[in-house]
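target18.cif, holding mmCIF, C-alpha atoms (C1' of nucleotides):
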```cif
data_work
#
loop_
_atom_site.label_atom_id
_atom_site.label_comp_id
_atom_site.auth_asym_id
_atom_site.auth_seq_id
_atom_site.Cartn_x
_atom_site.Cartn_y
_atom_site.Cartn_z
CA MET A 2 -15.67 -64.85 113.75
CA ASP A 3 -16.34 -66.33 110.32
CA THR A 4 -13.35 -64.31 109.19
CA PRO A 5 -10.19 -66.36 108.78
CA LEU A 6 -8.42 -66.52 112.11
CA ARG A 7 -5.44 -64.27 112.60
CA GLU A 8 -2.24 -65.73 113.93
CA PRO A 9 -2.72 -64.95 117.66
CA THR A 10 -6.20 -66.46 117.68
CA PHE A 11 -5.07 -69.49 115.72
CA LEU A 12 -2.25 -70.13 118.15
CA ILE A 13 -4.55 -69.75 121.13
CA LEU A 14 -6.84 -72.45 119.76
CA THR A 15 -3.84 -74.60 118.93
CA ALA A 16 -2.51 -74.28 122.47
CA LEU A 17 -5.90 -75.17 123.91
CA ALA A 18 -6.14 -78.22 121.65
CA ALA A 19 -3.52 -79.94 123.78
CA ALA A 20 -5.06 -79.17 127.15
CA PRO A 21 -7.11 -76.56 129.02
CA LEU A 22 -5.08 -73.59 130.17
CA HIS A 23 -5.56 -70.29 131.92
CA GLY A 24 -4.79 -66.94 130.31
CA TYR A 25 -1.34 -66.37 131.61
CA GLY A 26 -0.37 -69.95 130.90
CA LEU A 27 -1.50 -69.43 127.32
CA ILE A 28 0.96 -66.59 126.89
CA ARG A 29 3.78 -68.97 127.73
CA GLU A 30 2.37 -71.90 125.78
CA VAL A 31 1.89 -69.82 122.64
CA ALA A 32 5.40 -68.45 122.96
CA ALA A 33 6.68 -72.01 123.28
CA LEU A 34 4.82 -73.49 120.34
CA SER A 35 5.81 -70.59 118.10
CA ASP A 36 9.47 -70.81 119.15
CA GLY A 37 9.23 -67.46 120.86
CA ARG A 38 8.10 -65.70 117.69
CA VAL A 39 4.72 -64.71 119.11
CA THR A 40 4.43 -63.08 122.50
CA LEU A 41 0.80 -62.41 123.30
CA ARG A 42 0.03 -59.11 125.04
CA PRO A 43 -2.63 -59.07 127.70
CA GLY A 44 -4.86 -56.92 125.56
CA THR A 45 -4.62 -59.32 122.64
CA LEU A 46 -5.03 -62.43 124.75
CA TYR A 47 -8.03 -61.54 126.85
CA GLY A 48 -9.70 -59.72 124.00
CA ALA A 49 -9.33 -62.81 121.86
CA LEU A 50 -10.53 -65.12 124.64
CA ASP A 51 -13.65 -63.05 125.20
CA ARG A 52 -14.39 -63.18 121.49
CA LEU A 53 -13.75 -66.91 121.33
CA VAL A 54 -16.03 -67.58 124.28
CA ASP A 55 -18.74 -65.40 122.74
CA ALA A 56 -18.38 -67.34 119.50
CA GLY A 57 -18.61 -70.65 121.33
CA LEU A 58 -15.21 -71.87 120.18
CA VAL A 59 -13.83 -71.87 123.70
CA ASP A 60 -15.54 -72.66 127.00
CA VAL A 61 -14.61 -71.53 130.46
CA ASP A 62 -13.42 -74.65 132.24
CA GLY A 63 -13.75 -73.37 135.78
CA GLU A 64 -11.82 -71.06 138.04
CA GLU A 65 -9.30 -71.65 140.75
CA VAL A 66 -7.82 -69.40 143.36
CA VAL A 67 -4.12 -70.05 143.68
CA ASP A 68 -2.14 -68.05 146.20
CA GLY A 69 -4.94 -65.52 146.31
CA ARG A 70 -4.84 -65.01 142.57
CA LEU A 71 -7.76 -65.88 140.33
CA ARG A 72 -6.97 -68.38 137.64
CA ARG A 73 -9.56 -68.99 134.96
CA TYR A 74 -9.21 -72.03 132.76
CA TYR A 75 -10.30 -72.18 129.15
CA ARG A 76 -11.09 -75.28 127.15
CA LEU A 77 -11.48 -75.88 123.41
CA SER A 78 -15.13 -76.60 122.57
CA PRO A 79 -16.21 -79.09 119.90
CA ALA A 80 -17.03 -76.13 117.67
CA GLY A 81 -13.59 -74.73 118.39
CA GLU A 82 -11.99 -78.00 117.41
CA ALA A 83 -13.93 -78.03 114.16
CA THR A 84 -12.97 -74.45 113.43
CA LEU A 85 -9.32 -75.13 114.16
CA SER A 86 -9.42 -78.15 111.86
CA ALA A 87 -10.98 -76.14 109.06
CA GLU A 88 -8.54 -73.29 109.53
CA THR A 89 -5.62 -75.65 109.51
CA GLU A 90 -6.83 -77.16 106.25
CA ARG A 91 -7.21 -73.73 104.73
CA LEU A 92 -3.69 -72.77 105.73
CA ARG A 93 -2.35 -76.05 104.47
CA ARG A 94 -3.79 -75.36 101.04
CA ASN A 95 -2.36 -71.84 101.00
CA VAL A 96 1.03 -73.16 102.01
CA ALA A 97 0.88 -75.78 99.27
CA ALA A 98 -0.05 -73.21 96.62
CA ALA A 99 2.69 -70.80 97.66
CA THR A 100 5.27 -73.56 97.95
CA GLU A 101 4.54 -74.82 94.47
CA ARG A 102 4.83 -71.37 92.90
CA LEU A 103 8.00 -70.58 94.78
CA ARG A 104 9.55 -73.86 93.71
CA ASN A 105 8.72 -73.30 90.05
CA ARG A 106 10.25 -69.88 90.36
CA ALA A 107 13.53 -71.29 91.63
CA THR A 108 13.87 -73.69 88.70
CA ASP A 109 12.62 -71.30 86.06
CA PRO A 110 14.98 -69.24 83.91
CA GLY A 111 14.31 -65.99 85.70
CA THR A 112 10.98 -64.39 86.37
CA PRO A 113 8.59 -64.96 83.48
CA ARG A 114 7.69 -61.76 81.77
CA ARG A 115 4.00 -61.11 81.52
CA ALA A 116 1.30 -63.70 81.85
CA ALA A 117 -1.53 -64.45 79.49
CA GLY A 118 -3.99 -61.89 80.75
CA THR A 119 -7.68 -61.81 80.23
CA GLY A 120 -7.84 -60.04 76.95
CA THR A 121 -5.31 -59.72 74.20
CA PRO A 122 -2.77 -56.93 74.60
CA ARG A 123 -2.82 -54.67 71.56
CA LEU A 124 -0.84 -51.67 72.64
CA ALA A 125 2.27 -51.92 74.77
CA GLY A 126 2.72 -48.93 77.03
CA GLY A 127 6.21 -50.04 77.88
CA ALA A 128 8.19 -48.79 80.85
CA ALA A 129 6.33 -47.43 83.85
CA MET B 30 4.19 -54.53 106.88
CA ASP B 31 6.23 -56.48 109.39
CA THR B 32 2.93 -57.80 110.64
CA PRO B 33 2.16 -61.34 109.52
CA LEU B 34 0.38 -61.18 106.20
CA ARG B 35 -3.35 -61.60 106.17
CA GLU B 36 -4.88 -64.06 103.77
CA PRO B 37 -5.75 -61.65 100.91
CA THR B 38 -2.24 -60.20 100.89
CA PHE B 39 -0.66 -63.63 101.10
CA LEU B 40 -2.68 -64.86 98.16
CA ILE B 41 -1.83 -61.80 96.10
CA LEU B 42 1.86 -62.46 96.58
CA THR B 43 1.31 -66.13 95.83
CA ALA B 44 -0.49 -65.29 92.61
CA LEU B 45 2.29 -62.93 91.57
CA ALA B 46 4.92 -65.56 92.30
CA ALA B 47 3.81 -67.43 89.19
CA ALA B 48 3.81 -64.48 86.83
CA PRO B 49 3.16 -60.73 86.69
CA LEU B 50 -0.50 -59.84 86.58
CA HIS B 51 -2.71 -56.79 86.51
CA GLY B 52 -5.24 -55.98 89.22
CA TYR B 53 -8.33 -57.44 87.69
CA GLY B 54 -6.44 -60.55 86.63
CA LEU B 55 -5.34 -60.96 90.23
CA ILE B 56 -8.94 -61.11 91.37
CA ARG B 57 -9.51 -64.08 89.11
CA GLU B 58 -6.18 -65.73 89.83
CA VAL B 59 -6.68 -65.51 93.59
CA ALA B 60 -10.18 -66.91 93.26
CA ALA B 61 -8.76 -69.78 91.21
CA LEU B 62 -5.88 -70.69 93.50
CA SER B 63 -8.14 -70.57 96.55
CA ASP B 64 -10.80 -72.72 94.86
CA GLY B 65 -13.20 -69.80 94.87
CA ARG B 66 -12.99 -69.36 98.62
CA VAL B 67 -11.50 -65.87 98.41
CA THR B 68 -13.02 -63.23 96.19
CA LEU B 69 -11.03 -60.02 96.41
CA ARG B 70 -13.00 -56.78 96.46
CA PRO B 71 -11.58 -53.81 94.57
CA GLY B 72 -11.03 -51.95 97.83
CA THR B 73 -9.09 -54.84 99.29
CA LEU B 74 -7.08 -55.49 96.16
CA TYR B 75 -5.88 -52.02 95.27
CA GLY B 76 -5.40 -51.06 98.89
CA ALA B 77 -3.20 -54.11 99.35
CA LEU B 78 -1.32 -53.47 96.11
CA ASP B 79 -0.57 -49.88 97.08
CA ARG B 80 0.74 -51.07 100.44
CA LEU B 81 2.82 -53.81 98.86
CA VAL B 82 4.37 -51.39 96.37
CA ASP B 83 5.12 -48.93 99.16
CA ALA B 84 6.75 -51.73 101.14
CA GLY B 85 8.81 -52.76 98.14
CA LEU B 86 7.40 -56.27 98.01
CA VAL B 87 5.76 -55.69 94.64
CA ASP B 88 6.93 -53.59 91.71
CA VAL B 89 4.88 -52.05 88.94
CA ASP B 90 5.84 -53.97 85.83
CA GLY B 91 4.61 -51.45 83.30
CA GLU B 92 1.28 -50.38 81.93
CA GLU B 93 -0.66 -51.24 78.83
CA VAL B 94 -3.69 -49.75 77.24
CA VAL B 95 -6.01 -52.48 76.06
CA ASP B 96 -9.23 -51.48 74.38
CA GLY B 97 -8.90 -48.02 75.83
CA ARG B 98 -8.61 -49.37 79.35
CA LEU B 99 -5.53 -48.92 81.45
CA ARG B 100 -3.95 -52.16 82.56
CA ARG B 101 -1.19 -51.96 85.14
CA TYR B 102 0.97 -55.01 85.70
CA TYR B 103 2.47 -55.92 89.05
CA ARG B 104 5.49 -58.12 89.61
CA LEU B 105 6.85 -59.80 92.74
CA SER B 106 10.10 -58.14 93.81
CA PRO B 107 13.04 -60.07 95.31
CA ALA B 108 12.04 -58.70 98.72
CA GLY B 109 8.49 -59.87 98.05
CA GLU B 110 9.72 -63.32 97.20
CA ALA B 111 11.74 -63.44 100.40
CA THR B 112 8.76 -62.27 102.43
CA LEU B 113 6.48 -64.82 100.81
CA SER B 114 8.99 -67.56 101.54
CA ALA B 115 9.28 -66.53 105.18
CA GLU B 116 5.52 -66.26 105.54
CA THR B 117 5.02 -69.66 104.00
CA GLU B 118 7.49 -71.18 106.44
CA ARG B 119 5.75 -69.51 109.34
CA LEU B 120 2.39 -70.88 108.21
CA ARG B 121 3.88 -74.30 107.65
CA ARG B 122 5.06 -74.41 111.25
CA ASN B 123 1.69 -73.28 112.54
CA VAL B 124 -0.04 -75.92 110.47
CA ALA B 125 2.33 -78.58 111.77
CA ALA B 126 1.75 -77.56 115.38
CA ALA B 127 -2.01 -77.53 115.02
CA THR B 128 -2.07 -80.79 113.10
CA GLU B 129 -0.05 -82.56 115.77
CA ARG B 130 -2.28 -81.37 118.59
CA LEU B 131 -5.44 -82.22 116.70
CA ARG B 132 -4.16 -85.69 115.94
CA ASN B 133 -3.24 -86.38 119.56
CA ARG B 134 -6.69 -85.21 120.49
CA ALA B 135 -8.34 -87.73 118.18
CA THR B 136 -6.45 -90.67 119.66
CA ASP B 137 -6.67 -89.53 123.29
CA PRO B 138 -9.37 -90.83 125.62
CA GLY B 139 -11.39 -87.65 125.55
CA THR B 140 -10.21 -84.16 126.28
CA PRO B 141 -7.66 -84.11 129.05
CA ARG B 142 -8.90 -82.30 132.08
CA ARG B 143 -6.62 -79.56 133.27
CA ALA B 144 -2.97 -79.17 132.34
CA ALA B 145 -0.03 -78.81 134.68
CA GLY B 146 -0.17 -75.06 135.04
CA THR B 147 2.58 -72.80 136.22
CA GLY B 148 2.12 -73.07 139.91
CA THR B 149 0.57 -75.75 142.04
CA PRO B 150 -3.18 -75.50 142.50
CA ARG B 151 -4.01 -75.41 146.20
CA LEU B 152 -7.63 -74.44 146.24
CA ALA B 153 -10.10 -75.72 143.71
CA GLY B 154 -12.85 -73.22 142.90
CA GLY B 155 -14.78 -75.90 141.06
CA ALA B 156 -17.60 -75.21 138.65
CA ALA B 157 -17.69 -71.99 136.69
"C1'" DT C 5 -29.79 -48.18 74.17
"C1'" DT C 6 -29.11 -50.93 77.99
"C1'" DC C 7 -26.71 -54.48 80.10
"C1'" DT C 8 -22.51 -56.93 81.01
"C1'" DA C 9 -17.54 -57.46 81.40
"C1'" DT C 10 -13.20 -55.26 82.03
"C1'" DA C 11 -10.43 -52.16 84.95
"C1'" DT C 12 -9.13 -48.79 88.40
"C1'" DA C 13 -10.05 -45.14 92.06
"C1'" DA C 14 -11.95 -43.41 96.33
"C1'" DC C 15 -14.47 -43.42 100.82
"C1'" DG C 16 -16.40 -44.73 105.27
"C1'" DG C 17 -16.53 -48.16 108.67
"C1'" DG C 18 -15.35 -52.22 111.60
"C1'" DC C 19 -12.66 -55.26 114.10
"C1'" DA C 20 -8.63 -57.58 115.66
"C1'" DC C 21 -4.42 -56.70 117.32
"C1'" DC C 22 -0.96 -53.73 119.56
"C1'" DG C 23 1.05 -51.37 123.47
"C1'" DG C 24 0.89 -49.80 127.81
"C1'" DA C 25 -0.85 -48.95 132.44
"C1'" DA C 26 -3.53 -50.27 136.43
"C1'" DT C 27 -4.66 -53.56 140.04
"C1'" DA C 28 -3.56 -57.18 143.29
"C1'" DC C 29 -1.15 -60.86 145.69
"C1'" DC C 30 2.80 -63.58 146.86
"C1'" DT C 31 7.75 -64.74 147.08
"C1'" DT C 32 12.47 -63.51 147.16
"C1'" DC C 33 16.27 -60.66 148.06
"C1'" DG C 34 18.93 -57.00 150.14
"C1'" DC D 5 11.36 -54.58 156.91
"C1'" DG D 6 11.04 -52.63 152.43
"C1'" DA D 7 11.86 -53.20 147.38
"C1'" DA D 8 11.63 -55.88 143.42
"C1'" DG D 9 9.80 -59.27 140.47
"C1'" DG D 10 6.75 -63.01 138.80
"C1'" DT D 11 1.80 -64.29 138.44
"C1'" DA D 12 -2.76 -63.06 136.63
"C1'" DT D 13 -6.52 -60.28 134.98
"C1'" DT D 14 -8.79 -55.87 133.39
"C1'" DC D 15 -9.16 -51.61 130.81
"C1'" DC D 16 -8.23 -48.18 127.26
"C1'" DG D 17 -6.52 -45.66 123.23
"C1'" DG D 18 -4.49 -46.16 118.82
"C1'" DT D 19 -3.42 -48.24 114.24
"C1'" DG D 20 -3.87 -50.78 110.11
"C1'" DC D 21 -5.86 -54.19 107.13
"C1'" DC D 22 -9.73 -55.44 105.21
"C1'" DC D 23 -14.68 -54.95 103.85
"C1'" DG D 24 -18.39 -53.16 101.09
"C1'" DT D 25 -19.94 -50.01 98.10
"C1'" DT D 26 -20.01 -46.44 94.72
"C1'" DA D 27 -18.03 -43.89 90.91
"C1'" DT D 28 -15.75 -43.67 86.50
"C1'" DA D 29 -14.64 -45.25 81.75
"C1'" DT D 30 -14.68 -48.17 77.52
"C1'" DA D 31 -16.02 -51.97 74.48
"C1'" DG D 32 -19.05 -55.56 73.00
"C1'" DA D 33 -23.48 -58.06 73.21
"C1'" DA D 34 -28.54 -58.17 73.37
#
```
What would you get if you wrote out this structure as structure tokens?
Amino acid sequence: MDTPLREPTFLILTALAAAPLHGYGLIREVAALSDGRVTLRPGTLYGALDRLVDAGLVDVDGEEVVDGRLRRYYRLSPAGEATLSAETERLRRNVAAATERLRNRATDPGTPRRAAGTGTPRLAGGAA
Amino acid sequence: MDTPLREPTFLILTALAAAPLHGYGLIREVAALSDGRVTLRPGTLYGALDRLVDAGLVDVDGEEVVDGRLRRYYRLSPAGEATLSAETERLRRNVAAATERLRNRATDPGTPRRAAGTGTPRLAGGAA
DNA sequence: TTCTATATAACGGGCACCGGAATACCTTCG
DNA sequence: CGAAGGTATTCCGGTGCCCGTTATATAGAA
């Protein structure tokens, strides 16, 4: 879990940052906050939740029985909040780096040809 | 490749957005633009490059022989630029969503207990 | 010569995510 | 009354990206 979070996991933590939710509710919340772009599958969701609970980023917030159906609530732990903060910062930096390079590209006179590499090119192989 | 990009791949495209680079140069460029947080392994780098070339997001920009060593340059293709733009936008939205929820959290009187779920809770199971 | 830096190739393994199916209960509709 | 559909969780097989390491090759430094 020290690996950078993938999108589904990141969105699960983000959804839980607002309020505790149960699994099925998370599917809808994640769909909502991603404008319908991400639809969690059961396998992805519950697999991720199990991992997050194991890692201590999410706590089980209690269970309810509603209309005979079990409903298990999950809550973002302090560690989960810290992880989400750190991940968000990481993404923010990546976004900033990519945005800057893309912007320079748009204003530049075409794609620059060849960067200053490590060593000094001596022999041009030419076309691939 | 229609999967959201993972961080190494995203950073490779970001590095190539500035200028064409060869594999080993990418390792250093990615380390630089991520403030040393991400150190690409050869397996990760060349695996990703092969996939990106296959997907048409990156083109081989020619080869040089420098000091007897082969040096193959890679260049971001128009499709790669479009993909990087779209990915950056996606990340930007995720960052915005997470940032908003984290900020509300900081100003709220503690973590809210239980959200309005889908149905109406009728029977509280209580403690986990 | 041996070590270090440059540079690419190849291989095995892990883990998260995907996709679907199973299970179970309740409500709604024909 | 029976069928269909939404709610909610569990399980399982498959895939792909990434990891980590090792191998290969050359040039320059110690």
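Using all atoms listed in the file, the smallest distance between any of D:DT14, D:DT26, D:DA31, D:DG6 and chain B comes from D:DA31.
In this comparison, which uses all atoms listed in the file, the residue of B:Thr136, B:Thr68, B:Thr32, B:Ser63 approaching chain C most closely is B:Thr32.
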Take the PyMOL selection byres ((chain D and resi 11) around 8), run it mentally on this structure, and tell me the resulting residues as a ChimeraX atom specification.
/A:25,70 /D:10,12
Evaluate the PyMOL selection byres ((chain C and resi 5) around 12) on the structure here and hand back the selected residues as a PyMOL selection string.
(chain C and resi 6-7) or (chain D and resi 33-34)
Closest contacts (chain B/chain D, max 9 Å, all atoms listed in the file) as a tab-separated table:
```
residue	atom	partner	partner_atom	distance
B:Arg35	CA	D:DC21	C1'	7.9
B:Pro37	CA	D:DC22	C1'	8.5
B:Arg70	CA	D:DC23	C1'	7.8
B:Gly72	CA	D:DC23	C1'	7.7
B:Thr73	CA	D:DC22	C1'	6.0
B:Gly76	CA	D:DC22	C1'	8.8
B:Ala77	CA	D:DC21	C1'	8.2
B:Asp96	CA	D:DA31	C1'	6.8
B:Gly97	CA	D:DT30	C1'	6.0
B:Arg98	CA	D:DT30	C1'	6.5
B:Thr147	CA	D:DT11	C1'	8.8
B:Gly148	CA	D:DT11	C1'	8.9
```
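Minimum distance to chain B across C:DT8, C:DC33, C:DG24, C:DG16 (counting all atoms listed in the file) occurs at C:DG16.
Closest approach to chain A among B:Val59, B:Leu78, B:Val95, B:Ala108 is made by B:Val95 (distances from all atoms listed in the file).
The two atoms in question, atom C1' of C:DG23 and atom CA of B:Asp79, are spaced 26.5 Å apart.
The interatomic distance for the pair atom CA of A:Leu22 and atom CA of A:Arg91 works out to 25.5 Å.
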Any idea which chain C residues end up within 10 Å of chain A if we count all atoms listed in the file, as a ChimeraX atom specification please?
/C:10,20-24,28-30
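Our summary of the geometry notes that atom CA of B:Leu86 is positioned 25.4 Å from atom CA of A:Phe11.
In this comparison, which uses only C-alpha atoms (C1' of nucleotides), the residue of B:Leu42, B:Arg101, B:Ala47, B:Asp88 approaching C:DT12 most closely is B:Arg101.
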Spell out the residues picked by the PyMOL selection byres ((chain A and resi 17) around 12) here, as an mmCIF file with C-alpha atoms, keeping the file's coordinate frame.
```cif
data_model
loop_
_atom_site.group_PDB
_atom_site.id
_atom_site.type_symbol
_atom_site.label_atom_id
_atom_site.label_comp_id
_atom_site.auth_asym_id
_atom_site.auth_seq_id
_atom_site.Cartn_x
_atom_site.Cartn_y
_atom_site.Cartn_z
ATOM 1 C CA THR A 10 -6.200 -66.460 117.680
ATOM 2 C CA PHE A 11 -5.070 -69.490 115.720
ATOM 3 C CA LEU A 12 -2.250 -70.130 118.150
ATOM 4 C CA ILE A 13 -4.550 -69.750 121.130
ATOM 5 C CA LEU A 14 -6.840 -72.450 119.760
ATOM 6 C CA THR A 15 -3.840 -74.600 118.930
ATOM 7 C CA ALA A 16 -2.510 -74.280 122.470
ATOM 8 C CA ALA A 18 -6.140 -78.220 121.650
ATOM 9 C CA ALA A 19 -3.520 -79.940 123.780
ATOM 10 C CA ALA A 20 -5.060 -79.170 127.150
ATOM 11 C CA PRO A 21 -7.110 -76.560 129.020
ATOM 12 C CA LEU A 22 -5.080 -73.590 130.170
ATOM 13 C CA HIS A 23 -5.560 -70.290 131.920
ATOM 14 C CA GLY A 24 -4.790 -66.940 130.310
ATOM 15 C CA GLY A 26 -0.370 -69.950 130.900
ATOM 16 C CA LEU A 27 -1.500 -69.430 127.320
ATOM 17 C CA ILE A 28 0.960 -66.590 126.890
ATOM 18 C CA GLU A 30 2.370 -71.900 125.780
ATOM 19 C CA VAL A 31 1.890 -69.820 122.640
ATOM 20 C CA LEU A 34 4.820 -73.490 120.340
ATOM 21 C CA LEU A 50 -10.530 -65.120 124.640
ATOM 22 C CA LEU A 53 -13.750 -66.910 121.330
ATOM 23 C CA LEU A 58 -15.210 -71.870 120.180
ATOM 24 C CA VAL A 59 -13.830 -71.870 123.700
ATOM 25 C CA ASP A 60 -15.540 -72.660 127.000
ATOM 26 C CA VAL A 61 -14.610 -71.530 130.460
ATOM 27 C CA ASP A 62 -13.420 -74.650 132.240
ATOM 28 C CA TYR A 74 -9.210 -72.030 132.760
ATOM 29 C CA TYR A 75 -10.300 -72.180 129.150
ATOM 30 C CA ARG A 76 -11.090 -75.280 127.150
ATOM 31 C CA LEU A 77 -11.480 -75.880 123.410
ATOM 32 C CA SER A 78 -15.130 -76.600 122.570
ATOM 33 C CA PRO A 79 -16.210 -79.090 119.900
ATOM 34 C CA GLY A 81 -13.590 -74.730 118.390
ATOM 35 C CA GLU A 82 -11.990 -78.000 117.410
ATOM 36 C CA LEU A 85 -9.320 -75.130 114.160
ATOM 37 C CA ALA B 126 1.750 -77.560 115.380
ATOM 38 C CA ALA B 127 -2.010 -77.530 115.020
ATOM 39 C CA ARG B 130 -2.280 -81.370 118.590
ATOM 40 C CA LEU B 131 -5.440 -82.220 116.700
ATOM 41 C CA ARG B 134 -6.690 -85.210 120.490
ATOM 42 C CA THR B 140 -10.210 -84.160 126.280
ATOM 43 C CA PRO B 141 -7.660 -84.110 129.050
ATOM 44 C CA ARG B 142 -8.900 -82.300 132.080
ATOM 45 C CA ARG B 143 -6.620 -79.560 133.270
ATOM 46 C CA ALA B 144 -2.970 -79.170 132.340
#
```
For chain B, which residue among A:Leu92, A:Ala87, A:Val54, A:Ala107 is the nearest when counting all atoms listed in the file?
A:Leu92
